[in-house]
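Everything below belongs to model_38.csv, which stores CSV, C-alpha atoms.
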chain,number,residue,atom,x,y,z
G,233,MET,CA,34.9,-16.7,-3.1
G,234,LYS,CA,31.8,-16.9,-1.0
G,235,LEU,CA,29.9,-13.7,-0.3
G,236,THR,CA,29.1,-13.0,3.3
G,237,ASP,CA,26.7,-10.5,4.9
G,238,GLU,CA,29.7,-8.6,6.2
G,239,MET,CA,31.2,-8.2,2.7
G,240,LEU,CA,27.8,-7.1,1.3
G,241,SER,CA,27.4,-4.6,4.2
G,242,GLN,CA,30.9,-3.3,3.7
G,243,HIS,CA,30.5,-2.6,-0.1
G,244,ALA,CA,26.8,-1.5,0.0
G,245,ALA,CA,27.6,2.2,0.5
G,246,GLU,CA,30.1,2.2,-2.4
G,247,ALA,CA,27.6,0.5,-4.6
G,248,ARG,CA,24.9,3.0,-3.7
G,249,ASP,CA,27.2,5.9,-4.5
G,250,ILE,CA,28.1,4.4,-7.9
G,251,TRP,CA,24.4,3.9,-8.7
G,252,LEU,CA,23.4,7.4,-7.6
G,253,ALA,CA,26.2,8.9,-9.7
G,254,THR,CA,24.6,7.4,-12.9
G,255,LEU,CA,21.3,9.3,-12.3
G,256,PRO,CA,20.7,12.7,-13.9
G,257,GLN,CA,20.9,15.8,-11.8
G,258,ARG,CA,17.7,17.2,-10.4
G,259,LYS,CA,18.0,20.3,-12.6
G,260,GLU,CA,18.2,18.1,-15.7
G,261,ILE,CA,14.9,16.4,-15.0
G,262,PRO,CA,12.0,18.4,-16.6
G,263,GLU,CA,9.2,19.3,-14.2
G,264,HIS,CA,6.1,17.2,-14.8
G,265,ARG,CA,2.9,19.1,-15.4
G,266,PHE,CA,-0.2,17.2,-14.1
G,267,SER,CA,-3.4,17.4,-16.1
G,268,HIS,CA,-6.2,19.7,-15.0
G,269,ARG,CA,-8.4,16.7,-14.4
G,270,PHE,CA,-5.8,15.1,-12.1
G,271,THR,CA,-5.2,18.3,-10.2
G,272,ARG,CA,-8.8,18.9,-9.5
G,273,ALA,CA,-9.3,15.3,-8.4
G,274,MET,CA,-6.4,15.5,-6.0
G,275,ASN,CA,-7.8,18.8,-4.7
G,276,ARG,CA,-11.1,17.1,-3.9
G,277,LEU,CA,-9.3,14.3,-2.1
G,278,VAL,CA,-7.3,16.8,0.0
G,279,TRP,CA,-10.5,18.7,0.6
G,280,GLU,CA,-12.2,15.6,1.9
G,281,GLN,CA,-9.4,15.1,4.5
G,282,ARG,CA,-9.6,18.6,5.9
G,283,ARG,CA,-12.2,18.1,8.5
G,284,THR,CA,-12.6,19.3,12.1
G,285,PRO,CA,-12.1,16.9,15.0
G,286,ARG,CA,-15.9,16.6,15.2
G,287,MET,CA,-16.2,15.8,11.5
G,288,ARG,CA,-13.4,13.2,11.8
G,289,ARG,CA,-15.4,11.5,14.5
G,290,VAL,CA,-18.4,11.4,12.2
G,291,VAL,CA,-16.4,9.9,9.4
G,292,ARG,CA,-15.2,7.3,11.8
G,293,TYR,CA,-18.7,6.5,12.8
G,294,ALA,CA,-19.7,6.3,9.2
G,295,ARG,CA,-16.9,3.9,8.4
G,296,ASN,CA,-17.8,1.7,11.3
G,297,ALA,CA,-21.3,1.5,9.7
G,298,ALA,CA,-19.6,0.9,6.3
G,299,VAL,CA,-21.2,4.0,4.9
G,300,PHE,CA,-19.0,6.5,3.2
G,301,VAL,CA,-18.6,8.6,0.1
G,302,LEU,CA,-15.4,8.5,-1.9
G,303,VAL,CA,-14.3,10.6,-4.9
G,304,VAL,CA,-12.1,8.7,-7.3
G,305,LEU,CA,-10.6,9.1,-10.7
G,306,THR,CA,-11.0,5.5,-11.9
G,307,VAL,CA,-12.4,2.4,-10.3
G,308,THR,CA,-12.0,-1.3,-11.3
G,309,PHE,CA,-15.4,-3.0,-11.1
G,310,SER,CA,-16.4,-6.6,-10.6
G,311,GLY,CA,-19.7,-8.3,-9.9
G,312,LEU,CA,-21.8,-5.8,-11.9
G,313,MET,CA,-25.5,-6.4,-11.4
G,314,THR,CA,-27.4,-3.6,-13.1
G,315,VAL,CA,-26.6,-0.5,-15.1
G,316,GLU,CA,-29.0,2.5,-15.4
G,317,ALA,CA,-28.4,5.7,-17.4
G,318,TYR,CA,-30.5,8.8,-17.5
G,319,ARG,CA,-30.2,12.5,-18.1
G,320,ILE,CA,-30.7,15.0,-15.3
G,321,ALA,CA,-30.9,18.6,-16.5
G,322,VAL,CA,-27.5,19.6,-17.9
G,323,ILE,CA,-25.7,16.7,-16.2
G,324,ASP,CA,-25.3,13.3,-17.8
G,325,THR,CA,-25.5,10.7,-15.0
G,326,ILE,CA,-24.5,7.0,-15.3
G,327,THR,CA,-25.5,4.9,-12.3
G,328,ARG,CA,-24.0,1.5,-11.7
G,329,ILE,CA,-25.4,-0.7,-9.0
G,330,PHE,CA,-23.1,-3.4,-7.6
G,331,HIS,CA,-23.4,-5.9,-4.8
G,332,GLU,CA,-21.4,-3.8,-2.3
G,333,PHE,CA,-21.7,-0.2,-3.6
G,334,THR,CA,-23.4,2.2,-6.0
G,335,GLU,CA,-21.4,4.3,-8.4
G,336,PHE,CA,-22.5,7.6,-9.9
G,337,ARG,CA,-20.5,9.1,-12.8
G,338,TYR,CA,-21.4,12.7,-13.7
G,339,THR,CA,-20.4,14.6,-16.9
G,340,SER,CA,-21.6,17.9,-18.2
G,341,GLU,CA,-21.3,20.0,-21.4
G,342,VAL,CA,-21.3,23.2,-19.4
G,343,SER,CA,-18.0,25.1,-19.6
G,344,ALA,CA,-16.3,26.1,-16.4
G,345,GLU,CA,-16.7,29.8,-17.4
G,346,ASP,CA,-20.5,29.4,-17.6
G,347,ALA,CA,-21.0,27.2,-14.6
G,348,GLU,CA,-22.2,28.7,-11.3
G,349,PHE,CA,-23.6,27.6,-7.9
G,350,PRO,CA,-27.2,28.5,-7.2
G,351,GLU,CA,-27.7,29.8,-3.7
G,352,VAL,CA,-29.1,27.2,-1.3
G,353,SER,CA,-31.5,27.8,1.6
G,354,PHE,CA,-33.3,25.3,3.8
G,355,GLY,CA,-37.1,25.2,4.1
G,356,TYR,CA,-36.9,22.7,6.9
G,357,LEU,CA,-34.3,22.0,9.7
G,358,PRO,CA,-34.8,19.9,12.8
G,359,ASP,CA,-35.2,22.0,15.9
G,360,GLY,CA,-31.9,23.0,17.4
G,361,MET,CA,-29.8,22.6,14.3
G,362,VAL,CA,-27.3,25.4,14.0
G,363,GLU,CA,-24.9,26.2,11.1
G,364,SER,CA,-21.3,26.1,12.0
G,365,GLU,CA,-17.8,26.2,10.4
G,366,SER,CA,-17.0,23.0,8.6
G,367,GLY,CA,-13.3,23.4,8.8
G,368,MET,CA,-13.0,22.4,5.2
G,369,ASP,CA,-11.6,24.6,2.4
G,370,GLU,CA,-13.9,25.6,-0.5
G,371,THR,CA,-12.9,26.2,-4.1
G,372,ASP,CA,-14.5,27.5,-7.2
G,373,THR,CA,-16.0,24.1,-7.8
G,374,ILE,CA,-16.6,22.8,-4.2
G,375,ARG,CA,-18.8,24.1,-1.4
G,376,HIS,CA,-19.6,22.7,1.9
G,377,ILE,CA,-22.4,23.4,4.4
G,378,HIS,CA,-22.3,22.1,8.0
G,379,TYR,CA,-25.1,22.0,10.6
G,380,GLU,CA,-24.9,20.4,14.1
G,381,HIS,CA,-27.0,20.0,17.2
G,382,PRO,CA,-25.9,20.0,20.9
G,383,ASN,CA,-27.0,16.4,21.2
G,384,GLY,CA,-24.4,15.3,18.6
G,385,ALA,CA,-26.7,15.1,15.6
G,386,LEU,CA,-25.4,16.8,12.4
G,387,PHE,CA,-25.5,16.9,8.7
G,388,ASP,CA,-23.3,18.1,5.8
G,389,LEU,CA,-24.3,19.2,2.4
G,390,ASP,CA,-21.5,18.9,-0.2
G,391,GLU,CA,-21.9,20.7,-3.5
G,392,ILE,CA,-19.7,20.0,-6.5
G,393,LEU,CA,-19.9,21.9,-9.7
G,394,ILE,CA,-19.8,19.6,-12.7
G,395,THR,CA,-18.3,21.1,-15.9
G,396,SER,CA,-17.1,20.0,-19.2
G,397,ASN,CA,-13.5,20.1,-17.9
G,398,ASP,CA,-13.7,16.7,-16.3
G,399,ALA,CA,-15.9,14.0,-15.0
G,400,PHE,CA,-16.8,13.4,-11.4
G,401,THR,CA,-17.2,9.9,-9.9
G,402,GLN,CA,-18.9,9.2,-6.6
G,403,ILE,CA,-19.2,5.9,-4.8
G,404,ILE,CA,-21.6,5.1,-2.0
G,405,ASP,CA,-21.3,1.9,0.0
G,406,THR,CA,-24.8,0.5,-0.2
G,407,GLU,CA,-24.1,-3.0,1.0
G,408,ASP,CA,-26.6,-4.1,3.7
G,409,SER,CA,-28.1,-0.7,3.7
G,410,SER,CA,-31.7,0.4,3.0
G,411,VAL,CA,-31.6,2.1,-0.4
G,412,GLU,CA,-34.6,3.9,-1.9
G,413,LYS,CA,-35.1,6.1,-5.0
G,414,PHE,CA,-37.3,9.1,-4.8
G,415,SER,CA,-37.5,12.6,-6.4
G,416,ILE,CA,-36.3,16.0,-5.2
G,417,LYS,CA,-38.1,18.7,-7.3
G,418,ASP,CA,-38.7,16.2,-10.1
G,419,GLU,CA,-35.1,15.2,-10.2
G,420,PRO,CA,-33.9,11.6,-9.3
G,421,ALA,CA,-32.4,11.1,-5.9
G,422,LEU,CA,-31.1,8.1,-4.0
G,423,SER,CA,-31.2,7.6,-0.2
G,424,SER,CA,-29.0,5.1,1.6
G,425,VAL,CA,-29.6,4.4,5.3
G,426,LYS,CA,-27.3,2.3,7.5
G,427,GLY,CA,-27.2,2.6,11.2
G,428,GLU,CA,-27.4,6.2,12.3
G,429,THR,CA,-26.0,7.5,9.0
G,430,VAL,CA,-28.1,8.6,6.1
G,431,ILE,CA,-26.7,9.6,2.7
G,432,ILE,CA,-28.9,11.3,0.1
G,433,THR,CA,-27.4,12.2,-3.3
G,434,TRP,CA,-29.0,14.1,-6.3
G,435,THR,CA,-28.2,16.8,-8.9
G,436,HIS,CA,-29.7,20.1,-9.8
G,437,GLN,CA,-28.7,22.1,-12.9
G,438,ASN,CA,-25.0,21.4,-13.1
G,439,VAL,CA,-24.3,20.7,-9.4
G,440,SER,CA,-24.0,17.4,-7.7
G,441,TYR,CA,-25.4,17.4,-4.1
G,442,THR,CA,-24.6,14.9,-1.4
G,443,MET,CA,-26.1,15.2,2.1
G,444,ILE,CA,-24.7,13.1,4.9
G,445,THR,CA,-26.6,13.0,8.2
G,446,TYR,CA,-25.7,11.4,11.5
G,447,LYS,CA,-28.2,10.8,14.4
G,448,ILE,CA,-31.0,12.3,12.3
G,449,SER,CA,-33.9,10.0,11.4
G,450,PRO,CA,-34.3,9.0,7.7
G,451,GLU,CA,-37.6,10.8,7.6
G,452,ASN,CA,-36.1,14.1,8.9
G,453,ALA,CA,-33.1,13.7,6.6
G,454,ARG,CA,-35.3,13.3,3.6
G,455,GLN,CA,-37.4,16.3,4.7
G,456,ILE,CA,-34.3,18.4,4.9
G,457,ALA,CA,-33.4,17.5,1.3
G,458,LEU,CA,-36.9,18.0,0.0
G,459,GLY,CA,-37.1,21.4,1.6
G,460,ILE,CA,-33.9,22.7,0.0
G,461,ARG,CA,-34.5,25.8,-2.1
G,462,TYR,CA,-32.3,27.1,-5.0
G,463,THR,CA,-32.2,30.8,-5.9
Target encoding structure tokens, full file:
Amino acid sequence: MKLTDEMLSQHAAEARDIWLATLPQRKEIPEHRFSHRFTRAMNRLVWEQRRTPRMRRVVRYARNAAVFVLVVLTVTFSGLMTVEAYRIAVIDTITRIFHEFTEFRYTSEVSAEDAEFPEVSFGYLPDGMVESESGMDETDTIRHIHYEHPNGALFDLDEILITSNDAFTQIIDTEDSSVEKFSIKDEPALSSVKGETVIITWTHQNVSYTMITYKISPENARQIALGIRYT
């Protein structure tokens, strides 16, 4: 007997019911408990998506310029060019430089109970910059500061607490961008400039800092970062 589409369609529902009947009931399936590391990583990803309409426009501009910051759990690498490792305060940092991006992997021996954010203030801000709501949720390990200007210029400072509970991996697209290493209060920093977007990343104590600016000159962006004070 030859099977036809009509016959398959006629018996598909019956076959579906037979297959579903073999599956265990929902109440018989134990609830999966995700690890603390996975939960925190997912919270960071969700946090990255909770942006105001203005911030979503900035992200779109940054993507058009192929400049973005992405937090990931694991990354498969190819085309490795150089590897540099150094120790910054209480954070261990491994920097991998690839053809298309630069990866930073942070770990710390500081326990979550002992870790805390230093208070941040700005010694320099371009004229007209005003702090405003970021529209992004904060947690015990994530803080976000947002400034903007009426002309559309803005910058964000993302602070992530690095503890012994898990590692934090950050990727910056540095392909075809102007990349420069410098120091912020004697601690290594990296600046990536592409189009109208500037990304500066560094660490202090057990906190990872990433500043993303839009329509701010690289010189002013660096001056903002260099002028940051911790108390």
Report task. Considering all atoms listed in the file, return as a PyMOL selection string whatever protein or nucleic-acid residues lie within 8 Å of Ser343 in chain G, sequence-local ones (same chain, fewer than 4 positions apart) excluded. Result -> chain G and resi 347+395-397
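Distance check against Asp405 in chain G using all atoms listed in the file: of G:Ser241, G:Asn383, G:Phe336, G:Thr254, the minimum falls on G:Phe336.
Relative to CA of Thr435 in chain G, CA of Val362 in chain G is found at 24.5 Å.
Restricting the calculation to only C-alpha atoms, the smallest distance between Glu370 in chain G and any of G:Leu393, G:Val342, G:Met443, G:Asp237 is found for G:Leu393.
Minimum distance to Ile444 in chain G across G:Leu386, G:Thr463, G:Asp398, G:Ser410 (counting only C-alpha atoms) occurs at G:Leu386.
Across the structure, CA of Ile416 in chain G and CA of Ala457 in chain G are spaced 7.3 Å apart.
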